[in-house]
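Raw contents of coords_26.cif, mmCIF, N, CA and C atoms:
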data_final
#
loop_
_atom_site.group_PDB
_atom_site.id
_atom_site.type_symbol
_atom_site.label_atom_id
_atom_site.label_comp_id
_atom_site.auth_asym_id
_atom_site.auth_seq_id
_atom_site.Cartn_x
_atom_site.Cartn_y
_atom_site.Cartn_z
ATOM 1 N N MET J 1 93.011 -108.502 39.441
ATOM 2 C CA MET J 1 92.874 -107.070 39.610
ATOM 3 C C MET J 1 91.465 -106.714 40.047
ATOM 4 N N ARG J 2 91.381 -105.645 40.734
ATOM 5 C CA ARG J 2 90.104 -105.185 41.269
ATOM 6 C C ARG J 2 89.326 -104.405 40.210
ATOM 7 N N VAL J 3 88.049 -104.657 40.127
ATOM 8 C CA VAL J 3 87.168 -103.913 39.239
ATOM 9 C C VAL J 3 86.288 -103.047 40.123
ATOM 10 N N LEU J 4 86.309 -101.755 39.867
ATOM 11 C CA LEU J 4 85.525 -100.823 40.675
ATOM 12 C C LEU J 4 84.077 -100.800 40.212
ATOM 13 N N ASP J 5 83.186 -100.648 41.152
ATOM 14 C CA ASP J 5 81.758 -100.543 40.860
ATOM 15 C C ASP J 5 81.504 -99.170 40.253
ATOM 16 N N LYS J 6 81.022 -99.143 39.016
ATOM 17 C CA LYS J 6 80.824 -97.866 38.328
ATOM 18 C C LYS J 6 79.749 -97.001 38.975
ATOM 19 N N ASP J 7 78.878 -97.600 39.780
ATOM 20 C CA ASP J 7 77.811 -96.843 40.428
ATOM 21 C C ASP J 7 78.211 -96.296 41.800
ATOM 22 N N LYS J 8 79.371 -96.714 42.288
ATOM 23 C CA LYS J 8 79.813 -96.260 43.606
ATOM 24 C C LYS J 8 80.613 -94.961 43.469
ATOM 25 N N THR J 9 80.293 -94.007 44.306
ATOM 26 C CA THR J 9 81.009 -92.744 44.314
ATOM 27 C C THR J 9 82.234 -92.862 45.205
ATOM 28 N N ILE J 10 83.380 -92.477 44.662
ATOM 29 C CA ILE J 10 84.615 -92.492 45.433
ATOM 30 C C ILE J 10 84.953 -91.046 45.781
ATOM 31 N N VAL J 11 85.091 -90.787 47.061
ATOM 32 C CA VAL J 11 85.314 -89.428 47.537
ATOM 33 C C VAL J 11 86.741 -89.285 48.054
ATOM 34 N N ALA J 12 87.410 -88.243 47.605
ATOM 35 C CA ALA J 12 88.760 -87.955 48.083
ATOM 36 C C ALA J 12 88.687 -87.280 49.441
ATOM 37 N N GLU J 13 89.559 -87.712 50.343
ATOM 38 C CA GLU J 13 89.643 -87.132 51.679
ATOM 39 C C GLU J 13 91.074 -86.622 51.881
ATOM 40 N N PRO J 14 91.311 -85.335 51.634
ATOM 41 C CA PRO J 14 92.664 -84.779 51.752
ATOM 42 C C PRO J 14 93.308 -85.015 53.119
ATOM 43 N N ASP J 15 92.517 -85.111 54.172
ATOM 44 C CA ASP J 15 93.065 -85.348 55.512
ATOM 45 C C ASP J 15 93.708 -86.731 55.638
ATOM 46 N N PHE J 16 93.345 -87.649 54.738
ATOM 47 C CA PHE J 16 93.906 -88.996 54.763
ATOM 48 C C PHE J 16 95.417 -88.966 54.539
ATOM 49 N N ILE J 17 95.873 -88.102 53.680
ATOM 50 C CA ILE J 17 97.310 -87.974 53.398
ATOM 51 C C ILE J 17 98.058 -87.559 54.664
ATOM 52 N N GLU J 18 97.518 -86.594 55.380
ATOM 53 C CA GLU J 18 98.151 -86.148 56.626
ATOM 54 C C GLU J 18 98.092 -87.225 57.703
ATOM 55 N N ALA J 19 96.999 -87.982 57.729
ATOM 56 C CA ALA J 19 96.880 -89.067 58.707
ATOM 57 C C ALA J 19 97.939 -90.133 58.459
ATOM 58 N N ILE J 20 98.168 -90.473 57.198
ATOM 59 C CA ILE J 20 99.210 -91.442 56.866
ATOM 60 C C ILE J 20 100.567 -90.933 57.327
ATOM 61 N N SER J 21 100.853 -89.674 57.040
ATOM 62 C CA SER J 21 102.136 -89.078 57.441
ATOM 63 C C SER J 21 102.309 -89.084 58.950
ATOM 64 N N ALA J 22 101.247 -88.753 59.673
ATOM 65 C CA ALA J 22 101.325 -88.715 61.136
ATOM 66 C C ALA J 22 101.572 -90.102 61.727
ATOM 67 N N LEU J 23 100.931 -91.108 61.154
ATOM 68 C CA LEU J 23 101.071 -92.467 61.679
ATOM 69 C C LEU J 23 102.365 -93.159 61.260
ATOM 70 N N SER J 24 102.818 -92.880 60.041
ATOM 71 C CA SER J 24 103.965 -93.617 59.505
ATOM 72 C C SER J 24 105.270 -92.831 59.480
ATOM 73 N N GLY J 25 105.163 -91.520 59.539
ATOM 74 C CA GLY J 25 106.364 -90.700 59.394
ATOM 75 C C GLY J 25 106.821 -90.579 57.947
ATOM 76 N N GLU J 26 105.999 -91.063 57.011
ATOM 77 C CA GLU J 26 106.322 -91.015 55.583
ATOM 78 C C GLU J 26 105.387 -90.037 54.877
ATOM 79 N N ASP J 27 105.897 -89.402 53.830
ATOM 80 C CA ASP J 27 105.088 -88.498 53.029
ATOM 81 C C ASP J 27 104.778 -89.187 51.700
ATOM 82 N N VAL J 28 103.567 -89.711 51.552
ATOM 83 C CA VAL J 28 103.202 -90.451 50.351
ATOM 84 C C VAL J 28 103.253 -89.578 49.099
ATOM 85 N N ARG J 29 103.223 -88.273 49.268
ATOM 86 C CA ARG J 29 103.286 -87.371 48.118
ATOM 87 C C ARG J 29 104.637 -87.420 47.419
ATOM 88 N N LYS J 30 105.656 -87.945 48.089
ATOM 89 C CA LYS J 30 106.994 -88.017 47.487
ATOM 90 C C LYS J 30 107.134 -89.149 46.479
ATOM 91 N N CYS J 31 106.225 -90.110 46.511
ATOM 92 C CA CYS J 31 106.286 -91.228 45.564
ATOM 93 C C CYS J 31 105.996 -90.697 44.162
ATOM 94 N N TYR J 32 106.880 -90.983 43.210
ATOM 95 C CA TYR J 32 106.645 -90.512 41.852
ATOM 96 C C TYR J 32 106.293 -91.640 40.883
ATOM 97 N N GLN J 33 105.781 -92.733 41.438
ATOM 98 C CA GLN J 33 105.184 -93.806 40.652
ATOM 99 C C GLN J 33 106.150 -94.446 39.661
ATOM 100 N N CYS J 34 107.334 -94.804 40.122
ATOM 101 C CA CYS J 34 108.301 -95.478 39.249
ATOM 102 C C CYS J 34 107.904 -96.926 38.985
ATOM 103 N N GLY J 35 107.106 -97.526 39.883
ATOM 104 C CA GLY J 35 106.622 -98.884 39.701
ATOM 105 C C GLY J 35 107.545 -99.972 40.216
ATOM 106 N N LYS J 36 108.680 -99.605 40.798
ATOM 107 C CA LYS J 36 109.619 -100.613 41.290
ATOM 108 C C LYS J 36 109.036 -101.426 42.440
ATOM 109 N N CYS J 37 108.179 -100.828 43.232
ATOM 110 C CA CYS J 37 107.555 -101.553 44.344
ATOM 111 C C CYS J 37 106.683 -102.691 43.811
ATOM 112 N N THR J 38 105.954 -102.410 42.757
ATOM 113 C CA THR J 38 105.085 -103.414 42.153
ATOM 114 C C THR J 38 105.891 -104.485 41.428
ATOM 115 N N ALA J 39 106.921 -104.069 40.719
ATOM 116 C CA ALA J 39 107.722 -105.002 39.923
ATOM 117 C C ALA J 39 108.392 -106.073 40.777
ATOM 118 N N GLY J 40 108.764 -105.736 42.007
ATOM 119 C CA GLY J 40 109.474 -106.698 42.833
ATOM 120 C C GLY J 40 108.640 -107.387 43.896
ATOM 121 N N CYS J 41 107.363 -107.085 43.974
ATOM 122 C CA CYS J 41 106.528 -107.603 45.059
ATOM 123 C C CYS J 41 106.250 -109.100 44.917
ATOM 124 N N PRO J 42 106.651 -109.899 45.916
ATOM 125 C CA PRO J 42 106.416 -111.333 45.849
ATOM 126 C C PRO J 42 104.979 -111.746 46.199
ATOM 127 N N ALA J 43 104.178 -110.825 46.707
ATOM 128 C CA ALA J 43 102.807 -111.156 47.115
ATOM 129 C C ALA J 43 101.762 -110.658 46.120
ATOM 130 N N MET J 44 102.188 -110.210 44.949
ATOM 131 C CA MET J 44 101.291 -109.604 43.961
ATOM 132 C C MET J 44 100.092 -110.478 43.591
ATOM 133 N N GLU J 45 100.260 -111.771 43.525
ATOM 134 C CA GLU J 45 99.173 -112.650 43.092
ATOM 135 C C GLU J 45 97.970 -112.611 44.032
ATOM 136 N N GLU J 46 98.189 -112.230 45.282
ATOM 137 C CA GLU J 46 97.112 -112.187 46.273
ATOM 138 C C GLU J 46 96.458 -110.809 46.371
ATOM 139 N N MET J 47 96.996 -109.836 45.674
ATOM 140 C CA MET J 47 96.544 -108.451 45.816
ATOM 141 C C MET J 47 95.498 -108.079 44.775
ATOM 142 N N ASP J 48 94.579 -107.196 45.156
ATOM 143 C CA ASP J 48 93.588 -106.701 44.214
ATOM 144 C C ASP J 48 94.017 -105.380 43.580
ATOM 145 N N LEU J 49 94.898 -104.650 44.231
ATOM 146 C CA LEU J 49 95.521 -103.445 43.684
ATOM 147 C C LEU J 49 97.024 -103.647 43.767
ATOM 148 N N THR J 50 97.753 -103.106 42.818
ATOM 149 C CA THR J 50 99.206 -103.192 42.904
ATOM 150 C C THR J 50 99.689 -102.231 43.989
ATOM 151 N N PRO J 51 100.884 -102.447 44.536
ATOM 152 C CA PRO J 51 101.403 -101.503 45.523
ATOM 153 C C PRO J 51 101.450 -100.064 44.983
ATOM 154 N N SER J 52 101.800 -99.893 43.717
ATOM 155 C CA SER J 52 101.844 -98.534 43.168
ATOM 156 C C SER J 52 100.440 -97.935 43.044
ATOM 157 N N GLN J 53 99.423 -98.762 42.795
ATOM 158 C CA GLN J 53 98.049 -98.260 42.770
ATOM 159 C C GLN J 53 97.600 -97.831 44.161
ATOM 160 N N VAL J 54 98.024 -98.571 45.172
ATOM 161 C CA VAL J 54 97.701 -98.187 46.550
ATOM 162 C C VAL J 54 98.348 -96.831 46.866
ATOM 163 N N MET J 55 99.592 -96.671 46.463
ATOM 164 C CA MET J 55 100.272 -95.394 46.715
ATOM 165 C C MET J 55 99.573 -94.252 45.991
ATOM 166 N N ARG J 56 99.168 -94.467 44.747
ATOM 167 C CA ARG J 56 98.473 -93.412 43.989
ATOM 168 C C ARG J 56 97.135 -93.086 44.654
ATOM 169 N N ALA J 57 96.421 -94.096 45.094
ATOM 170 C CA ALA J 57 95.146 -93.858 45.778
ATOM 171 C C ALA J 57 95.381 -93.083 47.076
ATOM 172 N N ALA J 58 96.435 -93.432 47.813
ATOM 173 C CA ALA J 58 96.758 -92.709 49.050
ATOM 174 C C ALA J 58 97.111 -91.263 48.735
ATOM 175 N N GLN J 59 97.891 -91.050 47.689
ATOM 176 C CA GLN J 59 98.249 -89.691 47.284
ATOM 177 C C GLN J 59 97.022 -88.867 46.904
ATOM 178 N N SER J 60 96.012 -89.543 46.406
ATOM 179 C CA SER J 60 94.780 -88.874 45.985
ATOM 180 C C SER J 60 93.769 -88.730 47.108
ATOM 181 N N GLY J 61 94.107 -89.249 48.287
ATOM 182 C CA GLY J 61 93.204 -89.148 49.430
ATOM 183 C C GLY J 61 92.037 -90.109 49.372
ATOM 184 N N LEU J 62 92.173 -91.196 48.614
ATOM 185 C CA LEU J 62 91.083 -92.153 48.454
ATOM 186 C C LEU J 62 91.124 -93.195 49.570
ATOM 187 N N ARG J 63 90.768 -92.746 50.743
ATOM 188 C CA ARG J 63 90.834 -93.547 51.970
ATOM 189 C C ARG J 63 90.108 -94.884 51.837
ATOM 190 N N ASP J 64 88.849 -94.850 51.392
ATOM 191 C CA ASP J 64 88.057 -96.076 51.309
ATOM 192 C C ASP J 64 88.664 -97.078 50.330
ATOM 193 N N LEU J 65 89.170 -96.606 49.211
ATOM 194 C CA LEU J 65 89.785 -97.494 48.234
ATOM 195 C C LEU J 65 91.016 -98.183 48.834
ATOM 196 N N VAL J 66 91.824 -97.429 49.557
ATOM 197 C CA VAL J 66 93.022 -97.993 50.179
ATOM 198 C C VAL J 66 92.652 -98.979 51.286
ATOM 199 N N LEU J 67 91.816 -98.550 52.211
ATOM 200 C CA LEU J 67 91.511 -99.379 53.380
ATOM 201 C C LEU J 67 90.601 -100.567 53.073
ATOM 202 N N ASP J 68 89.846 -100.492 51.995
ATOM 203 C CA ASP J 68 88.989 -101.608 51.604
ATOM 204 C C ASP J 68 89.702 -102.603 50.696
ATOM 205 N N SER J 69 90.903 -102.274 50.266
ATOM 206 C CA SER J 69 91.628 -103.175 49.367
ATOM 207 C C SER J 69 92.235 -104.341 50.146
ATOM 208 N N ARG J 70 92.377 -105.453 49.472
ATOM 209 C CA ARG J 70 93.024 -106.623 50.054
ATOM 210 C C ARG J 70 94.538 -106.414 50.125
ATOM 211 N N THR J 71 95.057 -105.574 49.272
ATOM 212 C CA THR J 71 96.500 -105.393 49.131
ATOM 213 C C THR J 71 97.203 -105.053 50.438
ATOM 214 N N ILE J 72 96.676 -104.104 51.177
ATOM 215 C CA ILE J 72 97.383 -103.683 52.393
ATOM 216 C C ILE J 72 97.418 -104.778 53.445
ATOM 217 N N TRP J 73 96.500 -105.734 53.353
ATOM 218 C CA TRP J 73 96.472 -106.833 54.306
ATOM 219 C C TRP J 73 97.261 -108.045 53.806
ATOM 220 N N CYS J 74 97.602 -108.070 52.520
ATOM 221 C CA CYS J 74 98.388 -109.172 51.931
ATOM 222 C C CYS J 74 99.876 -108.905 52.005
ATOM 223 N N CYS J 75 100.246 -107.708 52.340
ATOM 224 C CA CYS J 75 101.663 -107.342 52.386
ATOM 225 C C CYS J 75 102.408 -108.306 53.314
ATOM 226 N N ALA J 76 103.491 -108.863 52.804
ATOM 227 C CA ALA J 76 104.271 -109.845 53.568
ATOM 228 C C ALA J 76 105.255 -109.186 54.530
ATOM 229 N N GLY J 77 105.404 -107.879 54.433
ATOM 230 C CA GLY J 77 106.342 -107.184 55.314
ATOM 231 C C GLY J 77 107.800 -107.476 54.984
ATOM 232 N N CYS J 78 108.058 -107.926 53.774
ATOM 233 C CA CYS J 78 109.412 -108.331 53.389
ATOM 234 C C CYS J 78 110.321 -107.139 53.076
ATOM 235 N N GLN J 79 109.706 -105.965 52.886
ATOM 236 C CA GLN J 79 110.428 -104.730 52.590
ATOM 237 C C GLN J 79 111.083 -104.705 51.209
ATOM 238 N N THR J 80 110.672 -105.617 50.305
ATOM 239 C CA THR J 80 111.190 -105.597 48.937
ATOM 240 C C THR J 80 110.878 -104.264 48.282
ATOM 241 N N CYS J 81 109.681 -103.759 48.512
ATOM 242 C CA CYS J 81 109.279 -102.481 47.927
ATOM 243 C C CYS J 81 110.137 -101.337 48.469
ATOM 244 N N ALA J 82 110.415 -101.374 49.743
ATOM 245 C CA ALA J 82 111.213 -100.310 50.364
ATOM 246 C C ALA J 82 112.637 -100.308 49.830
ATOM 247 N N ARG J 83 113.200 -101.484 49.620
ATOM 248 C CA ARG J 83 114.560 -101.562 49.076
ATOM 249 C C ARG J 83 114.597 -101.099 47.628
ATOM 250 N N ALA J 84 113.519 -101.319 46.893
ATOM 251 C CA ALA J 84 113.471 -100.942 45.478
ATOM 252 C C ALA J 84 113.156 -99.458 45.275
ATOM 253 N N ALA J 85 112.451 -98.861 46.216
ATOM 254 C CA ALA J 85 112.011 -97.476 46.054
ATOM 255 C C ALA J 85 113.184 -96.506 46.059
ATOM 256 N N PRO J 86 113.281 -95.666 45.039
ATOM 257 C CA PRO J 86 114.387 -94.710 44.958
ATOM 258 C C PRO J 86 114.414 -93.688 46.096
ATOM 259 N N ARG J 87 113.275 -93.449 46.712
ATOM 260 C CA ARG J 87 113.212 -92.438 47.768
ATOM 261 C C ARG J 87 113.365 -93.013 49.160
ATOM 262 N N GLY J 88 113.628 -94.318 49.284
ATOM 263 C CA GLY J 88 113.920 -94.926 50.564
ATOM 264 C C GLY J 88 112.772 -95.032 51.542
ATOM 265 N N TRP J 89 111.607 -95.488 51.089
ATOM 266 C CA TRP J 89 110.456 -95.668 51.975
ATOM 267 C C TRP J 89 110.728 -96.751 52.983
ATOM 268 N N THR J 90 110.066 -96.677 54.126
ATOM 269 C CA THR J 90 110.153 -97.769 55.078
ATOM 270 C C THR J 90 109.231 -98.894 54.637
ATOM 271 N N CYS J 91 108.148 -98.569 53.943
ATOM 272 C CA CYS J 91 107.265 -99.571 53.365
ATOM 273 C C CYS J 91 106.320 -98.860 52.401
ATOM 274 N N ALA J 92 106.094 -99.437 51.249
ATOM 275 C CA ALA J 92 105.233 -98.781 50.258
ATOM 276 C C ALA J 92 103.753 -99.049 50.469
ATOM 277 N N THR J 93 103.401 -100.105 51.184
ATOM 278 C CA THR J 93 101.977 -100.371 51.370
ATOM 279 C C THR J 93 101.590 -100.186 52.816
#

Turn the structure described in the file into structure tokens.
Amino acid sequence: MRVLDKDKTIVAEPDFIEAISALSGEDVRKCYQCGKCTAGCPAMEEMDLTPSQVMRAAQSGLRDLVLDSRTIWCCAGCQTCARAAPRGWTCAT
């Protein structure tokens, strides 16, 4: 798991949520954090944030936290998270 630097300031960028929606066609605000994406992820051992933590950070507009995480680059593209998500995402990470 990732440990955040307590001296680093994390700034929320509300425009990040709209940018994600524009690029992906998905509204990250619809995720209600059921955790099914994380529970079924086969690549979890390589990730520094869980898929649900990435979604929460995206919902909060924490662009740097999301884009600097290893998680989004470790995603295997297997769509396990999408099949598990109750709201039918195309991909959770």

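Counting all atoms listed in the file and comparing J:Pro14, J:Pro42, J:Thr9, J:Asp27, the residue that lies closest to Thr80 of chain J is J:Pro42.
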
Rounded to one decimal place, report the atom CA of Lys30 of chain J-atom CA of Met55 of chain J distance in Å.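 Atom CA of Lys30 of chain J sits 10.0 Å away from atom CA of Met55 of chain J.
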
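Across the structure, atom CA of Ile17 of chain J and atom CA of Arg83 of chain J are spaced 22.4 Å apart.
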
Between atom N of Cys31 of chain J and atom CA of Ala43 of chain J, what is the distance in Å, rounded to a tenth? 21.3 Å

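Of the residues listed (J:Met47, J:Cys37, J:Val66, J:Ala57), J:Cys37 shows the shortest atom-to-atom separation from Cys81 of chain J; distances use only C-alpha atoms.
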
Centre and size of axis-aligned box enclosing segment 21-39 of chain J plus 3 Å each side, as AutoDock Vina command-line options:
--center_x 105.2 --center_y -96.7 --center_z 50.4 --size_x 14.8 --size_y 24.7 --size_z 28.7

Evaluating the PyMOL selection byres (((chain J and resi 64 and name CA) around 10) and name CA) on the displayed file yields which residues, as number ranges by chain? J: 10-13, 16, 57-58, 61-63, 65-69

Can you list, as an MDAnalysis selection string, every residue of chain J that DSSP puts in helix (DSSP H, G or I)? chainID J and resid 15:24 28:30 36:39 44:46 51:59 63:68 71:74 80:84

So which residues touch segment 48-50 of chain J within 8 Å, counting only C-alpha atoms, skipping near sequence neighbours fewer than 2 positions away, as a PyMOL selection string? chain J and resi 1-2+38+44+46+52-54+69-71

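Using all atoms listed in the file, the residues found no farther than 8 Å from Ala84 of chain J, other than those of its own chain fewer than 3 positions away, are Gly35, Lys36, Cys37, Gly40, Gln79, Thr80, Cys81, Arg87, Gly88 and Trp89 of chain J.
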
Can segment 27-44 of chain J be brought up to N, CA, C and O atoms and written out as a PDB file, in the frame of the given file?
ATOM      1  N   ASP J  27     105.897 -89.402  53.830  1.00  0.00           N
ATOM      2  CA  ASP J  27     105.088 -88.498  53.029  1.00  0.00           C
ATOM      3  C   ASP J  27     104.778 -89.187  51.700  1.00  0.00           C
ATOM      4  O   ASP J  27     105.648 -89.272  50.828  1.00  0.00           O
ATOM      5  N   VAL J  28     103.567 -89.711  51.552  1.00  0.00           N
ATOM      6  CA  VAL J  28     103.202 -90.451  50.351  1.00  0.00           C
ATOM      7  C   VAL J  28     103.253 -89.578  49.099  1.00  0.00           C
ATOM      8  O   VAL J  28     103.354 -90.099  47.989  1.00  0.00           O
ATOM      9  N   ARG J  29     103.223 -88.273  49.268  1.00  0.00           N
ATOM     10  CA  ARG J  29     103.286 -87.371  48.118  1.00  0.00           C
ATOM     11  C   ARG J  29     104.637 -87.420  47.419  1.00  0.00           C
ATOM     12  O   ARG J  29     104.761 -87.016  46.276  1.00  0.00           O
ATOM     13  N   LYS J  30     105.656 -87.945  48.089  1.00  0.00           N
ATOM     14  CA  LYS J  30     106.994 -88.017  47.487  1.00  0.00           C
ATOM     15  C   LYS J  30     107.134 -89.149  46.479  1.00  0.00           C
ATOM     16  O   LYS J  30     108.062 -89.161  45.688  1.00  0.00           O
ATOM     17  N   CYS J  31     106.225 -90.110  46.511  1.00  0.00           N
ATOM     18  CA  CYS J  31     106.286 -91.228  45.564  1.00  0.00           C
ATOM     19  C   CYS J  31     105.996 -90.697  44.162  1.00  0.00           C
ATOM     20  O   CYS J  31     104.986 -90.047  43.932  1.00  0.00           O
ATOM     21  N   TYR J  32     106.880 -90.983  43.210  1.00  0.00           N
ATOM     22  CA  TYR J  32     106.645 -90.512  41.852  1.00  0.00           C
ATOM     23  C   TYR J  32     106.293 -91.640  40.883  1.00  0.00           C
ATOM     24  O   TYR J  32     106.463 -91.527  39.674  1.00  0.00           O
ATOM     25  N   GLN J  33     105.781 -92.733  41.438  1.00  0.00           N
ATOM     26  CA  GLN J  33     105.184 -93.806  40.652  1.00  0.00           C
ATOM     27  C   GLN J  33     106.150 -94.446  39.661  1.00  0.00           C
ATOM     28  O   GLN J  33     105.815 -94.679  38.501  1.00  0.00           O
ATOM     29  N   CYS J  34     107.334 -94.804  40.122  1.00  0.00           N
ATOM     30  CA  CYS J  34     108.301 -95.478  39.249  1.00  0.00           C
ATOM     31  C   CYS J  34     107.904 -96.926  38.985  1.00  0.00           C
ATOM     32  O   CYS J  34     108.317 -97.516  37.994  1.00  0.00           O
ATOM     33  N   GLY J  35     107.106 -97.526  39.883  1.00  0.00           N
ATOM     34  CA  GLY J  35     106.622 -98.884  39.701  1.00  0.00           C
ATOM     35  C   GLY J  35     107.545 -99.972  40.216  1.00  0.00           C
ATOM     36  O   GLY J  35     107.235-101.161  40.110  1.00  0.00           O
ATOM     37  N   LYS J  36     108.680 -99.605  40.798  1.00  0.00           N
ATOM     38  CA  LYS J  36     109.619-100.613  41.290  1.00  0.00           C
ATOM     39  C   LYS J  36     109.036-101.426  42.440  1.00  0.00           C
ATOM     40  O   LYS J  36     109.353-102.599  42.585  1.00  0.00           O
ATOM     41  N   CYS J  37     108.179-100.828  43.232  1.00  0.00           N
ATOM     42  CA  CYS J  37     107.555-101.553  44.344  1.00  0.00           C
ATOM     43  C   CYS J  37     106.683-102.691  43.811  1.00  0.00           C
ATOM     44  O   CYS J  37     106.683-103.794  44.348  1.00  0.00           O
ATOM     45  N   THR J  38     105.954-102.410  42.757  1.00  0.00           N
ATOM     46  CA  THR J  38     105.085-103.414  42.153  1.00  0.00           C
ATOM     47  C   THR J  38     105.891-104.485  41.428  1.00  0.00           C
ATOM     48  O   THR J  38     105.589-105.678  41.533  1.00  0.00           O
ATOM     49  N   ALA J  39     106.921-104.069  40.719  1.00  0.00           N
ATOM     50  CA  ALA J  39     107.722-105.002  39.923  1.00  0.00           C
ATOM     51  C   ALA J  39     108.392-106.073  40.777  1.00  0.00           C
ATOM     52  O   ALA J  39     108.527-107.218  40.345  1.00  0.00           O
ATOM     53  N   GLY J  40     108.764-105.736  42.007  1.00  0.00           N
ATOM     54  CA  GLY J  40     109.474-106.698  42.833  1.00  0.00           C
ATOM     55  C   GLY J  40     108.640-107.387  43.896  1.00  0.00           C
ATOM     56  O   GLY J  40     109.154-108.222  44.639  1.00  0.00           O
ATOM     57  N   CYS J  41     107.363-107.085  43.974  1.00  0.00           N
ATOM     58  CA  CYS J  41     106.528-107.603  45.059  1.00  0.00           C
ATOM     59  C   CYS J  41     106.250-109.100  44.917  1.00  0.00           C
ATOM     60  O   CYS J  41     105.658-109.538  43.928  1.00  0.00           O
ATOM     61  N   PRO J  42     106.651-109.899  45.916  1.00  0.00           N
ATOM     62  CA  PRO J  42     106.416-111.333  45.849  1.00  0.00           C
ATOM     63  C   PRO J  42     104.979-111.746  46.199  1.00  0.00           C
ATOM     64  O   PRO J  42     104.598-112.889  45.985  1.00  0.00           O
ATOM     65  N   ALA J  43     104.178-110.825  46.707  1.00  0.00           N
ATOM     66  CA  ALA J  43     102.807-111.156  47.115  1.00  0.00           C
ATOM     67  C   ALA J  43     101.762-110.658  46.120  1.00  0.00           C
ATOM     68  O   ALA J  43     100.569-110.704  46.397  1.00  0.00           O
ATOM     69  N   MET J  44     102.188-110.210  44.949  1.00  0.00           N
ATOM     70  CA  MET J  44     101.291-109.604  43.961  1.00  0.00           C
ATOM     71  C   MET J  44     100.092-110.478  43.591  1.00  0.00           C
ATOM     72  O   MET J  44      98.996-109.970  43.378  1.00  0.00           O
TER      73      MET J  44
END
